[in-house]
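J.: Below is entry_16.pdb; it holds PDB, C-alpha atoms and all ligand atoms.
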```
MODEL        1
ATOM      1  CA  MET A1363      10.197 -58.923   7.737
ATOM      2  CA  GLU A1364      13.657 -57.410   7.481
ATOM      3  CA  ASP A1365      16.639 -59.092   5.821
ATOM      4  CA  SER A1366      18.541 -60.777   8.655
ATOM      5  CA  LEU A1367      21.815 -61.168   6.735
ATOM      6  CA  LYS A1368      24.655 -58.650   6.593
ATOM      7  CA  ARG A1369      25.514 -59.120   2.894
ATOM      8  CA  PRO A1370      28.865 -57.345   2.654
ATOM      9  CA  LEU A1371      29.315 -54.887  -0.211
ATOM     10  CA  GLY A1372      31.865 -55.407  -2.954
ATOM     11  CA  HIS A1373      33.603 -58.729  -3.750
ATOM     12  CA  GLY A1374      31.753 -58.916  -7.074
ATOM     13  CA  GLN A1375      33.899 -61.716  -8.523
ATOM     14  CA  VAL A1376      33.772 -63.889  -5.409
ATOM     15  CA  ARG A1377      30.028 -63.370  -5.155
ATOM     16  CA  ALA A1378      29.501 -64.259  -8.811
ATOM     17  CA  TRP A1379      31.557 -67.420  -8.439
ATOM     18  CA  LEU A1380      29.809 -68.513  -5.209
ATOM     19  CA  GLY A1381      26.493 -67.689  -6.917
ATOM     20  CA  SER A1382      27.289 -70.127  -9.719
ATOM     21  CA  VAL A1383      28.187 -72.810  -7.156
ATOM     22  CA  LEU A1384      24.844 -72.242  -5.417
ATOM     23  CA  LYS A1385      22.826 -72.334  -8.612
ATOM     24  CA  SER A1386      24.476 -75.514  -9.847
ATOM     25  CA  ARG A1387      24.435 -76.985  -6.320
ATOM     26  CA  ARG A1388      27.865 -78.442  -7.025
ATOM     27  CA  VAL A1389      29.082 -77.618  -3.570
ATOM     28  CA  SER A1390      32.537 -78.765  -2.550
ATOM     29  CA  GLY A1391      33.349 -80.063   0.933
ATOM     30  CA  SER A1392      35.883 -77.422   1.875
ATOM     31  CA  TYR A1393      36.483 -73.805   0.943
ATOM     32  CA  LEU A1394      39.246 -71.533   2.083
ATOM     33  CA  PHE A1395      38.425 -67.817   2.059
ATOM     34  CA  VAL A1396      41.663 -65.825   2.057
ATOM     35  CA  GLY A1397      41.950 -62.041   2.291
ATOM     36  CA  PRO A1398      42.694 -59.128   4.641
ATOM     37  CA  THR A1399      40.989 -58.979   8.040
ATOM     38  CA  GLY A1400      37.728 -57.069   8.322
ATOM     39  CA  ILE A1401      36.698 -57.050   4.656
ATOM     40  CA  GLY A1402      33.631 -59.275   4.971
ATOM     41  CA  LYS A1403      34.899 -62.870   4.563
ATOM     42  CA  GLN A1404      32.944 -64.062   7.591
ATOM     43  CA  ALA A1405      29.755 -62.214   6.580
ATOM     44  CA  LEU A1406      29.915 -63.725   3.101
ATOM     45  CA  ALA A1407      30.595 -67.191   4.564
ATOM     46  CA  VAL A1408      27.469 -66.799   6.712
ATOM     47  CA  GLU A1409      25.495 -65.617   3.693
ATOM     48  CA  PHE A1410      26.709 -68.639   1.693
ATOM     49  CA  ALA A1411      25.819 -71.006   4.557
ATOM     50  CA  ALA A1412      22.353 -69.432   4.773
ATOM     51  CA  ALA A1413      21.931 -69.909   1.034
ATOM     52  CA  LEU A1414      22.661 -73.627   1.443
ATOM     53  CA  ARG A1415      19.899 -73.868   4.068
ATOM     54  CA  CYS A1416      17.414 -71.291   2.790
ATOM     55  CA  ALA A1417      13.779 -72.394   2.352
ATOM     56  CA  SER A1418      13.084 -69.976  -0.518
ATOM     57  CA  PRO A1419      16.338 -68.938  -2.203
ATOM     58  CA  VAL A1420      16.441 -66.135  -4.754
ATOM     59  CA  GLU A1421      18.650 -67.073  -7.724
ATOM     60  CA  GLY A1422      20.513 -69.470  -5.490
ATOM     61  CA  TRP A1423      21.156 -66.927  -2.734
ATOM     62  CA  ALA A1424      19.556 -66.782   0.715
ATOM     63  CA  CYS A1425      16.287 -64.901   1.116
ATOM     64  CA  GLY A1426      17.376 -63.610   4.527
ATOM     65  CA  ARG A1427      13.848 -63.846   5.875
ATOM     66  CA  CYS A1428      12.922 -67.492   6.321
ATOM     67  CA  ASN A1429      13.374 -69.316   9.603
ATOM     68  CA  GLU A1430      16.521 -71.029   8.288
ATOM     69  CA  CYS A1431      18.176 -67.758   7.221
ATOM     70  CA  VAL A1432      17.293 -65.946  10.438
ATOM     71  CA  ARG A1433      18.755 -68.710  12.605
ATOM     72  CA  VAL A1434      21.949 -68.869  10.514
ATOM     73  CA  ALA A1435      22.297 -65.073  10.595
ATOM     74  CA  HIS A1436      21.986 -65.027  14.378
ATOM     75  CA  GLY A1437      24.457 -67.863  14.829
ATOM     76  CA  VAL A1438      21.906 -70.167  16.487
ATOM     77  CA  HIS A1439      21.347 -72.716  13.725
ATOM     78  CA  PRO A1440      22.395 -76.174  14.981
ATOM     79  CA  ASN A1441      23.630 -77.111  11.493
ATOM     80  CA  VAL A1442      25.735 -73.993  10.894
ATOM     81  CA  ARG A1443      28.444 -73.624  13.484
ATOM     82  CA  ARG A1444      31.172 -71.028  13.828
ATOM     83  CA  TYR A1445      34.541 -71.615  15.422
ATOM     84  CA  ALA A1446      37.472 -69.316  16.223
ATOM     85  CA  LYS A1447      40.758 -69.363  18.083
ATOM     86  CA  PRO A1448      40.373 -68.338  21.752
ATOM     87  CA  ASP A1449      41.670 -64.788  22.389
ATOM     88  CA  ASP A1450      44.336 -65.969  24.804
ATOM     89  CA  SER A1451      45.780 -68.562  22.429
ATOM     90  CA  ARG A1452      48.256 -68.005  19.615
ATOM     91  CA  ASP A1453      47.166 -71.060  17.654
ATOM     92  CA  LEU A1454      44.009 -72.993  16.954
ATOM     93  CA  PRO A1455      44.277 -75.469  19.841
ATOM     94  CA  VAL A1456      44.071 -79.163  19.080
ATOM     95  CA  GLU A1457      41.187 -79.535  21.603
ATOM     96  CA  LEU A1458      39.078 -77.094  19.577
ATOM     97  CA  VAL A1459      39.877 -78.938  16.355
ATOM     98  CA  ARG A1460      38.806 -82.228  17.963
ATOM     99  CA  THR A1461      35.508 -80.556  18.915
ATOM    100  CA  ILE A1462      35.089 -79.412  15.307
ATOM    101  CA  CYS A1463      35.662 -82.980  14.059
ATOM    102  CA  ASP A1464      33.327 -84.468  16.693
ATOM    103  CA  ASP A1465      30.586 -81.979  15.766
ATOM    104  CA  ALA A1466      30.990 -82.934  12.101
ATOM    105  CA  SER A1467      30.692 -86.641  12.901
ATOM    106  CA  LEU A1468      27.445 -86.267  14.852
ATOM    107  CA  SER A1469      24.342 -87.329  13.002
ATOM    108  CA  ARG A1470      22.466 -84.391  11.556
ATOM    109  CA  LEU A1471      19.813 -82.697  13.666
ATOM    110  CA  GLU A1472      17.887 -81.447  10.664
ATOM    111  CA  PRO A1473      18.096 -82.593   7.038
ATOM    112  CA  GLY A1474      20.086 -80.637   4.447
ATOM    113  CA  TYR A1475      23.529 -79.057   4.376
ATOM    114  CA  ARG A1476      25.634 -78.598   7.463
ATOM    115  CA  VAL A1477      28.332 -75.936   7.526
ATOM    116  CA  ALA A1478      31.301 -75.237   9.803
ATOM    117  CA  ILE A1479      32.826 -71.751   9.518
ATOM    118  CA  ILE A1480      36.338 -71.809  10.961
ATOM    119  CA  ASN A1481      38.088 -68.502  11.629
ATOM    120  CA  ASP A1482      41.860 -68.131  12.006
ATOM    121  CA  ALA A1483      42.660 -70.982   9.616
ATOM    122  CA  ASP A1484      46.153 -69.472   9.293
ATOM    123  CA  ARG A1485      46.670 -70.412  12.940
ATOM    124  CA  PHE A1486      46.619 -74.187  12.710
ATOM    125  CA  ASN A1487      49.741 -75.639  14.286
ATOM    126  CA  GLU A1488      51.190 -78.995  13.285
ATOM    127  CA  SER A1489      49.216 -81.006  15.827
ATOM    128  CA  SER A1490      45.872 -79.257  15.312
ATOM    129  CA  ALA A1491      46.302 -79.552  11.540
ATOM    130  CA  ASN A1492      47.052 -83.267  11.882
ATOM    131  CA  ALA A1493      43.950 -83.734  14.024
ATOM    132  CA  PHE A1494      41.883 -82.070  11.293
ATOM    133  CA  LEU A1495      43.255 -83.511   8.054
ATOM    134  CA  LYS A1496      41.219 -86.707   7.812
ATOM    135  CA  THR A1497      37.899 -84.924   8.422
ATOM    136  CA  LEU A1498      38.848 -82.095   6.078
ATOM    137  CA  GLU A1499      39.786 -84.546   3.368
ATOM    138  CA  GLU A1500      36.644 -86.645   3.670
ATOM    139  CA  PRO A1501      33.904 -84.536   5.178
ATOM    140  CA  PRO A1502      30.553 -86.272   5.791
ATOM    141  CA  ALA A1503      27.984 -85.997   2.977
ATOM    142  CA  GLN A1504      26.485 -82.508   2.614
ATOM    143  CA  TYR A1505      28.996 -81.157   5.092
ATOM    144  CA  VAL A1506      30.831 -77.969   4.083
ATOM    145  CA  PHE A1507      33.879 -76.484   5.792
ATOM    146  CA  ILE A1508      34.508 -72.800   5.187
ATOM    147  CA  LEU A1509      37.932 -71.834   6.504
ATOM    148  CA  LEU A1510      38.772 -68.136   6.868
ATOM    149  CA  ALA A1511      42.335 -66.841   6.820
ATOM    150  CA  ALA A1512      43.933 -63.415   6.614
ATOM    151  CA  ASN A1513      47.396 -64.545   5.679
ATOM    152  CA  SER A1514      47.897 -67.172   2.986
ATOM    153  CA  ALA A1515      51.654 -67.194   3.622
ATOM    154  CA  GLN A1516      51.038 -68.637   7.096
ATOM    155  CA  LEU A1517      48.733 -71.408   5.915
ATOM    156  CA  LEU A1518      50.031 -74.920   6.288
ATOM    157  CA  ALA A1519      50.427 -76.663   2.943
ATOM    158  CA  THR A1520      48.502 -79.668   4.251
ATOM    159  CA  ILE A1521      45.440 -77.469   4.893
ATOM    160  CA  LEU A1522      45.864 -75.400   1.743
ATOM    161  CA  SER A1523      46.044 -78.417  -0.559
ATOM    162  CA  ARG A1524      42.753 -79.859   0.710
ATOM    163  CA  CYS A1525      40.583 -76.774   0.198
ATOM    164  CA  GLN A1526      39.190 -74.875  -2.710
ATOM    165  CA  MET A1527      40.761 -71.448  -2.360
ATOM    166  CA  VAL A1528      38.615 -68.314  -2.735
ATOM    167  CA  ARG A1529      40.654 -65.103  -2.787
ATOM    168  CA  PHE A1530      39.156 -61.878  -1.438
ATOM    169  CA  SER A1531      40.611 -58.518  -2.484
ATOM    170  CA  PRO A1532      40.499 -55.353  -0.387
ATOM    171  CA  LEU A1533      37.424 -53.239  -1.140
ATOM    172  CA  SER A1534      37.772 -50.515  -3.758
ATOM    173  CA  ALA A1535      38.069 -46.982  -2.371
ATOM    174  CA  ALA A1536      34.505 -46.214  -3.491
ATOM    175  CA  ASP A1537      33.027 -49.374  -1.906
ATOM    176  CA  LEU A1538      34.961 -48.809   1.308
ATOM    177  CA  ALA A1539      33.743 -45.203   1.526
ATOM    178  CA  ARG A1540      30.174 -46.409   1.000
ATOM    179  CA  VAL A1541      30.372 -49.172   3.615
ATOM    180  CA  VAL A1542      31.876 -47.000   6.334
ATOM    181  CA  SER A1543      29.896 -43.811   5.675
ATOM    182  CA  GLY A1544      27.373 -44.809   8.346
ATOM    183  CA  PHE A1545      29.975 -45.816  10.957
ATOM    184  CA  GLU A1546      29.717 -43.963  14.226
ATOM    185  CA  GLY A1547      32.582 -41.545  14.894
ATOM    186  CA  MET A1548      33.705 -40.999  11.291
ATOM    187  CA  PRO A1549      35.782 -37.795  11.199
ATOM    188  CA  ALA A1550      33.790 -34.772  10.046
ATOM    189  CA  SER A1551      36.465 -33.326   7.791
ATOM    190  CA  PRO A1552      36.750 -34.920   4.326
ATOM    191  CA  GLU A1553      40.568 -34.870   4.515
ATOM    192  CA  GLU A1554      40.629 -36.774   7.801
ATOM    193  CA  ARG A1555      38.130 -39.292   6.431
ATOM    194  CA  GLU A1556      40.256 -39.750   3.331
ATOM    195  CA  LEU A1557      43.389 -40.313   5.429
ATOM    196  CA  LEU A1558      41.606 -42.901   7.571
ATOM    197  CA  LEU A1559      40.288 -44.804   4.547
ATOM    198  CA  ARG A1560      43.728 -44.859   2.996
ATOM    199  CA  VAL A1561      45.291 -46.279   6.149
ATOM    200  CA  ALA A1562      42.534 -48.920   6.394
ATOM    201  CA  GLN A1563      43.621 -50.398   3.031
ATOM    202  CA  GLY A1564      40.215 -51.484   1.826
ATOM    203  CA  SER A1565      39.070 -53.033   5.117
ATOM    204  CA  PRO A1566      35.864 -51.756   6.784
ATOM    205  CA  GLY A1567      36.753 -53.851   9.855
ATOM    206  CA  ARG A1568      40.014 -51.946  10.182
ATOM    207  CA  VAL A1569      38.126 -48.617   9.942
ATOM    208  CA  ALA A1570      35.761 -49.776  12.697
ATOM    209  CA  GLU A1571      38.673 -50.786  14.939
ATOM    210  CA  MET A1572      40.460 -47.495  14.414
ATOM    211  CA  LEU A1573      37.304 -45.527  15.118
ATOM    212  CA  ALA A1574      36.626 -47.539  18.290
ATOM    213  CA  LEU A1575      40.018 -46.438  19.586
ATOM    214  CA  ASN A1576      39.657 -43.003  18.030
ATOM    215  CA  VAL A1577      42.984 -43.467  16.252
ATOM    216  CA  PRO A1578      42.737 -40.361  14.018
ATOM    217  CA  ALA A1579      42.272 -38.131  17.091
ATOM    218  CA  LEU A1580      45.054 -39.906  19.012
ATOM    219  CA  ALA A1581      47.472 -39.399  16.119
ATOM    220  CA  GLY A1582      46.384 -35.779  15.752
ATOM    221  CA  ASN A1583      46.730 -35.011  19.475
ATOM    222  CA  PHE A1584      50.099 -36.720  19.609
ATOM    223  CA  SER A1585      51.515 -34.875  16.651
ATOM    224  CA  SER A1586      50.211 -31.490  17.782
ATOM    225  CA  GLY A1587      51.455 -32.041  21.368
ATOM    226  CA  LEU A1588      55.035 -32.757  20.301
ATOM    227  CA  ALA A1589      56.194 -29.157  19.949
ATOM    228  CA  ALA A1590      55.314 -28.298  23.550
ATOM    229  CA  ASP A1591      56.676 -31.428  25.259
ATOM    230  CA  PRO A1592      57.521 -34.659  23.393
ATOM    231  CA  PHE A1593      57.736 -36.819  26.522
ATOM    232  CA  ARG A1594      54.387 -35.638  27.760
ATOM    233  CA  ALA A1595      52.902 -36.341  24.310
ATOM    234  CA  ALA A1596      54.399 -39.858  24.500
ATOM    235  CA  GLU A1597      53.023 -40.378  28.010
ATOM    236  CA  GLN A1598      49.546 -39.303  26.923
ATOM    237  CA  LEU A1599      49.720 -41.603  23.927
ATOM    238  CA  VAL A1600      50.617 -44.626  26.102
ATOM    239  CA  ALA A1601      47.754 -43.773  28.475
ATOM    240  CA  ALA A1602      45.281 -43.449  25.600
ATOM    241  CA  LEU A1603      46.446 -46.706  24.020
ATOM    242  CA  SER A1604      46.112 -48.596  27.313
ATOM    243  CA  LYS A1605      42.619 -47.288  28.005
ATOM    244  CA  ASP A1606      39.978 -50.057  28.192
ATOM    245  CA  LEU A1607      42.390 -52.595  26.720
ATOM    246  CA  PRO A1608      40.878 -56.050  27.361
ATOM    247  CA  ALA A1609      43.255 -57.968  29.652
ATOM    248  CA  GLU A1610      43.403 -61.006  27.362
ATOM    249  CA  LEU A1611      44.842 -58.867  24.540
ATOM    250  CA  GLY A1612      47.819 -57.986  26.744
ATOM    251  CA  THR A1613      50.934 -56.293  25.401
ATOM    252  CA  GLU A1614      50.334 -57.579  21.883
ATOM    253  CA  GLY A1615      46.990 -55.723  21.856
ATOM    254  CA  LEU A1616      48.798 -52.566  22.944
ATOM    255  CA  ARG A1617      51.344 -52.973  20.128
ATOM    256  CA  GLU A1618      48.550 -53.519  17.631
ATOM    257  CA  ARG A1619      46.977 -50.207  18.687
ATOM    258  CA  LEU A1620      50.308 -48.419  18.470
ATOM    259  CA  ARG A1621      50.773 -49.809  14.936
ATOM    260  CA  ASP A1622      47.413 -48.293  13.946
ATOM    261  CA  VAL A1623      48.416 -44.867  15.291
ATOM    262  CA  MET A1624      51.773 -45.138  13.546
ATOM    263  CA  ALA A1625      50.060 -46.065  10.280
ATOM    264  CA  VAL A1626      48.093 -42.796  10.459
ATOM    265  CA  LEU A1627      51.253 -40.846  11.345
ATOM    266  CA  SER A1628      53.131 -42.444   8.422
ATOM    267  CA  ALA A1629      50.319 -41.602   6.018
ATOM    268  CA  ASP A1630      50.409 -38.042   7.342
ATOM    269  CA  LEU A1631      54.181 -37.882   6.812
ATOM    270  CA  ARG A1632      53.800 -39.140   3.256
ATOM    271  CA  ASP A1633      51.195 -36.451   2.602
ATOM    272  CA  ARG A1634      53.515 -33.804   4.016
ATOM    273  CA  LEU A1635      56.294 -35.156   1.820
ATOM    274  CA  MET A1636      54.086 -34.878  -1.259
ATOM    275  CA  ALA A1637      53.218 -31.333  -0.231
ATOM    276  CA  ALA A1638      56.898 -30.473   0.343
ATOM    277  CA  LEU A1639      57.634 -31.753  -3.156
ATOM    278  CA  GLY A1640      54.835 -29.554  -4.463
ATOM    279  CA  MET A1641      52.802 -32.579  -5.506
ATOM    280  CA  HIS A1642      49.567 -31.876  -3.695
ATOM    281  CA  ASP A1643      47.868 -29.804  -1.067
ATOM    282  CA  VAL A1644      48.917 -30.150   2.574
ATOM    283  CA  ALA A1645      47.206 -32.965   4.488
ATOM    284  CA  PRO A1646      44.911 -32.685   7.509
ATOM    285  CA  LEU A1647      47.177 -33.500  10.455
ATOM    286  CA  ALA A1648      49.904 -31.287   9.040
ATOM    287  CA  ARG A1649      47.563 -28.303   8.929
ATOM    288  CA  ARG A1650      47.611 -28.286  12.689
ATOM    289  CA  HIS A1651      51.378 -27.998  12.830
ATOM    290  CA  SER A1652      52.782 -24.624  13.775
ATOM    291  CA  HIS A1653      55.627 -24.770  11.283
ATOM    292  CA  GLU A1654      55.269 -26.684   8.093
ATOM    293  CA  ALA A1655      58.609 -25.928   6.512
ATOM    294  CA  THR A1656      60.116 -29.377   7.173
ATOM    295  CA  SER A1657      62.258 -30.245   4.157
ATOM    296  CA  ALA A1658      61.554 -33.215   1.910
ATOM    297  CA  ASP A1659      64.852 -34.802   3.008
ATOM    298  CA  ALA A1660      63.925 -34.492   6.664
ATOM    299  CA  LEU A1661      60.518 -36.054   5.959
ATOM    300  CA  VAL A1662      62.055 -38.989   4.088
ATOM    301  CA  ALA A1663      64.471 -39.514   6.987
ATOM    302  CA  ALA A1664      61.539 -39.394   9.406
ATOM    303  CA  LEU A1665      59.610 -41.966   7.387
ATOM    304  CA  ASN A1666      62.628 -44.278   7.475
ATOM    305  CA  ARG A1667      62.957 -43.807  11.239
ATOM    306  CA  LEU A1668      59.278 -44.631  11.669
ATOM    307  CA  GLU A1669      59.680 -47.781   9.567
ATOM    308  CA  ALA A1670      62.676 -48.876  11.648
ATOM    309  CA  LEU A1671      60.674 -48.267  14.813
ATOM    310  CA  ARG A1672      57.771 -50.304  13.455
ATOM    311  CA  GLU A1673      60.155 -53.212  12.920
ATOM    312  CA  ARG A1674      61.318 -52.908  16.523
ATOM    313  CA  ILE A1675      57.697 -53.005  17.668
ATOM    314  CA  ASP A1676      57.110 -56.127  15.566
ATOM    315  CA  ALA A1677      60.156 -57.587  17.311
ATOM    316  CA  ASN A1678      58.481 -57.003  20.703
ATOM    317  CA  ALA A1679      59.961 -53.641  21.720
ATOM    318  CA  ASN A1680      58.567 -52.169  24.943
ATOM    319  CA  VAL A1681      55.564 -49.980  24.078
ATOM    320  CA  LYS A1682      56.393 -47.151  26.497
ATOM    321  CA  LEU A1683      59.928 -46.935  25.136
ATOM    322  CA  ALA A1684      58.621 -47.107  21.557
ATOM    323  CA  CYS A1685      56.299 -44.143  22.227
ATOM    324  CA  ASP A1686      59.197 -42.123  23.667
ATOM    325  CA  LEU A1687      61.272 -42.884  20.580
ATOM    326  CA  LEU A1688      58.347 -42.052  18.349
ATOM    327  CA  ALA A1689      57.992 -38.661  20.075
ATOM    328  CA  LEU A1690      61.678 -37.927  19.520
ATOM    329  CA  ARG A1691      61.719 -39.139  15.923
ATOM    330  CA  TYR A1692      58.547 -37.635  14.601
ATOM    331  CA  PRO A1693      59.173 -34.258  12.967
ATOM    332  CA  VAL A1694      57.190 -31.417  14.524
TER     333      VAL A1694
HETATM  334 ZN    ZN B   1      15.907 -67.965   3.502
ENDMDL
END
```
Can you present the structure in this file as structure tokens?

T.:
Amino acid sequence: MEDSLKRPLGHGQVRAWLGSVLKSRRVSGSYLFVGPTGIGKQALAVEFAAALRCASPVEGWACGRCNECVRVAHGVHPNVRRYAKPDDSRDLPVELVRTICDDASLSRLEPGYRVAIINDADRFNESSANAFLKTLEEPPAQYVFILLAANSAQLLATILSRCQMVRFSPLSAADLARVVSGFEGMPASPEERELLLRVAQGSPGRVAEMLALNVPALAGNFSSGLAADPFRAAEQLVAALSKDLPAELGTEGLRERLRDVMAVLSADLRDRLMAALGMHDVAPLARRHSHEATSADALVAALNRLEALRERIDANANVKLACDLLALRYPV
């Protein structure tokens, strides 16, 4: 039988530490996994939960094949539940947190550890945090909370102080390249792949998102369409960004996509700057430009303009307008 667990690559230190917890069986009642989105926090939380339930663990870790592991891996184990903020809500709603507490207080369906994996732990608001504190502080016996958060700066101190923090680092370039090599839609050219990996900052989840939207191609088409007609290039970019956008993601989803495209364009500008300074070979997107003689000063100015525009987008600028500005500010 195949291994049912995902077992994310990398995170050697975290894995070693969790491994020692599993072997000693000195499991604490609440862990907080903190690190960038899409790097495998959830997969490792599931693997850890499976290890706590596994019928035939291997050096403390889950076998991935027993009935317990398979049910945990597929998210159908009654004693291992996963929770996340609804897509249309900014915060973890207090109703959801009450459900989490009620579930924890129910008598166990099967003996052994019970685990609650809670995504978006950086999205507790005051009232949902208050509803949670007592349960988090004194979880029932053999009950383990694993909270997942991307942004430790946004965590409420009351939550933070009651959990054992486990920090996740971005994957190394080599690990990231290995994880994503099998992803569908990876660019064929090594330079384009390298650019994408750099923009993803050690997060396979980010690579997957950018590939799903075909961000490298969007950025490439946009930048090569600018010379002929910047407004048309902007219009096409808005249309491409809006395509198949789930309604519940709304304008914020559109901004998020635009940020991804801009991240690729910024990386491309930085590469062109390095090339203009004679520091390395010209980068992939730039090769498609008709004239590559943009001066280093002009490129630095363009990077600054892009940064200023990104701040306006963060401050809720209109996406159509932002794309027009981008078209006018991006050096051909
Ligand atoms: Zn197992």

J.: Considering all atoms listed in the file, can you say which of A:Gly1391, A:Arg1555, A:Asp1630, A:Val1528 comes closest to Pro1502 (chain A)?

T.: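 Distance minimum relative to Pro1502 (chain A) lands on A:Gly1391.
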
J.: If the PyMOL selection byres (((chain A and resi 1610-1627) around 6) and not hetatm) is run on the structure shown, which residues does it catch, given as an mmCIF file with C-alpha atoms, keeping the file's coordinate frame?

T.:
```cif
data_model
loop_
_atom_site.group_PDB
_atom_site.id
_atom_site.type_symbol
_atom_site.label_atom_id
_atom_site.label_comp_id
_atom_site.auth_asym_id
_atom_site.auth_seq_id
_atom_site.Cartn_x
_atom_site.Cartn_y
_atom_site.Cartn_z
ATOM 1 C CA ASP A 1450 44.336 -65.969 24.804
ATOM 2 C CA VAL A 1577 42.984 -43.467 16.252
ATOM 3 C CA ALA A 1581 47.472 -39.399 16.119
ATOM 4 C CA PRO A 1608 40.878 -56.050 27.361
ATOM 5 C CA ALA A 1609 43.255 -57.968 29.652
ATOM 6 C CA SER A 1628 53.131 -42.444 8.422
ATOM 7 C CA ALA A 1629 50.319 -41.602 6.018
ATOM 8 C CA ASP A 1630 50.409 -38.042 7.342
#
```

J.: Enumerate, as number ranges by chain, the residues matched when the PyMOL selection byres (((not hetatm)) within 9 of (chain B and resi 1)) is run on the file above.

T.: A: 1412-1413, 1415-1420, 1423-1432

J.: Rounded to one decimal in Å, what is the spacing between CA of Tyr1445 (chain A) and CA of Phe1507 (chain A)?

T.: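 CA of Tyr1445 (chain A) sits 10.8 Å away from CA of Phe1507 (chain A).
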
J.: In Å, how far is it from CA of Pro1473 (chain A) to CA of Asn1441 (chain A)?

T.: 9.0 Å

J.: Using only C-alpha atoms, pick whichever of A:Leu1394, A:Ala1596, A:Val1694, A:Leu1380 has the shortest atom-to-atom distance to Ser1523 (chain A).

T.: A:Leu1394

J.: Starting from the PyMOL selection byres (((chain A and resi 1570-1574) around 9) and not hetatm), expand the selection into actual residues of this file and give them as a list in words.

T.: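 Checked against the file, the PyMOL selection byres (((chain A and resi 1570-1574) around 9) and not hetatm) matches Gly1400, Val1542, Phe1545, Glu1546, Gly1547, Met1548, Pro1549, Leu1558, Ala1562, Ser1565, Pro1566, Gly1567, Arg1568, Val1569, Leu1575, Asn1576, Val1577, Pro1578, Arg1619, Asp1622 and Val1623 of chain A.
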
J.: With only C-alpha atoms as the atoms that count, which of A:Asn1481, A:Asn1680, A:Thr1497, A:Ser1657 lies nearest to Val1396 (chain A)?

T.: A:Asn1481

J.: May I have the residues within 12 Å of Glu1669 (chain A) as a PyMOL selection string, using only C-alpha atoms and disregarding those fewer than 3 positions away in the same chain?

T.: chain A and resi 1621+1624-1625+1627-1629+1631+1662-1666+1672-1676+1688+1691-1692

J.: Please work out which residues fall within 12 Å of (48.9, -32.3, 18.9), coordinates as given in the file, with all atoms listed in the file counting, and return them as a PyMOL selection string.

T.: chain A and resi 1578-1592+1594-1596+1598-1599+1627+1647-1652+1689+1692+1694

J.: For a test of reading the model, state the distance in Å between CA of Ala1660 (chain A) and CA of Met1641 (chain A), rounded to one decimal.

T.: 16.6 Å

J.: Which of these residues is nearest to Arg1460 (chain A), using all atoms listed in the file: A:His1439, A:Lys1496, A:Arg1632, A:Lys1605?

T.: A:Lys1496

J.: Skipping near chain neighbours, those fewer than 2 positions away, what residues fall within 7 Å of Gly1564 (chain A) using all atoms listed in the file, listed as a PyMOL selection string?

T.: chain A and resi 1532-1535+1538+1562+1566

J.: Which of these residues is nearest to Ala1658 (chain A), using only C-alpha atoms: A:Val1506, A:Ala1446, A:Leu1635, A:Ala1550?

T.: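 For Ala1658 (chain A), the nearest of the candidates is A:Leu1635.
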
J.: Here is a test: counting all atoms listed in the file, which residue of A:Gly1374, A:Pro1552, A:Gly1397, A:Pro1693 is nearest to Leu1509 (chain A)?

T.: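 Among A:Gly1374, A:Pro1552, A:Gly1397, A:Pro1693, it is A:Gly1397 that comes nearest to Leu1509 (chain A).
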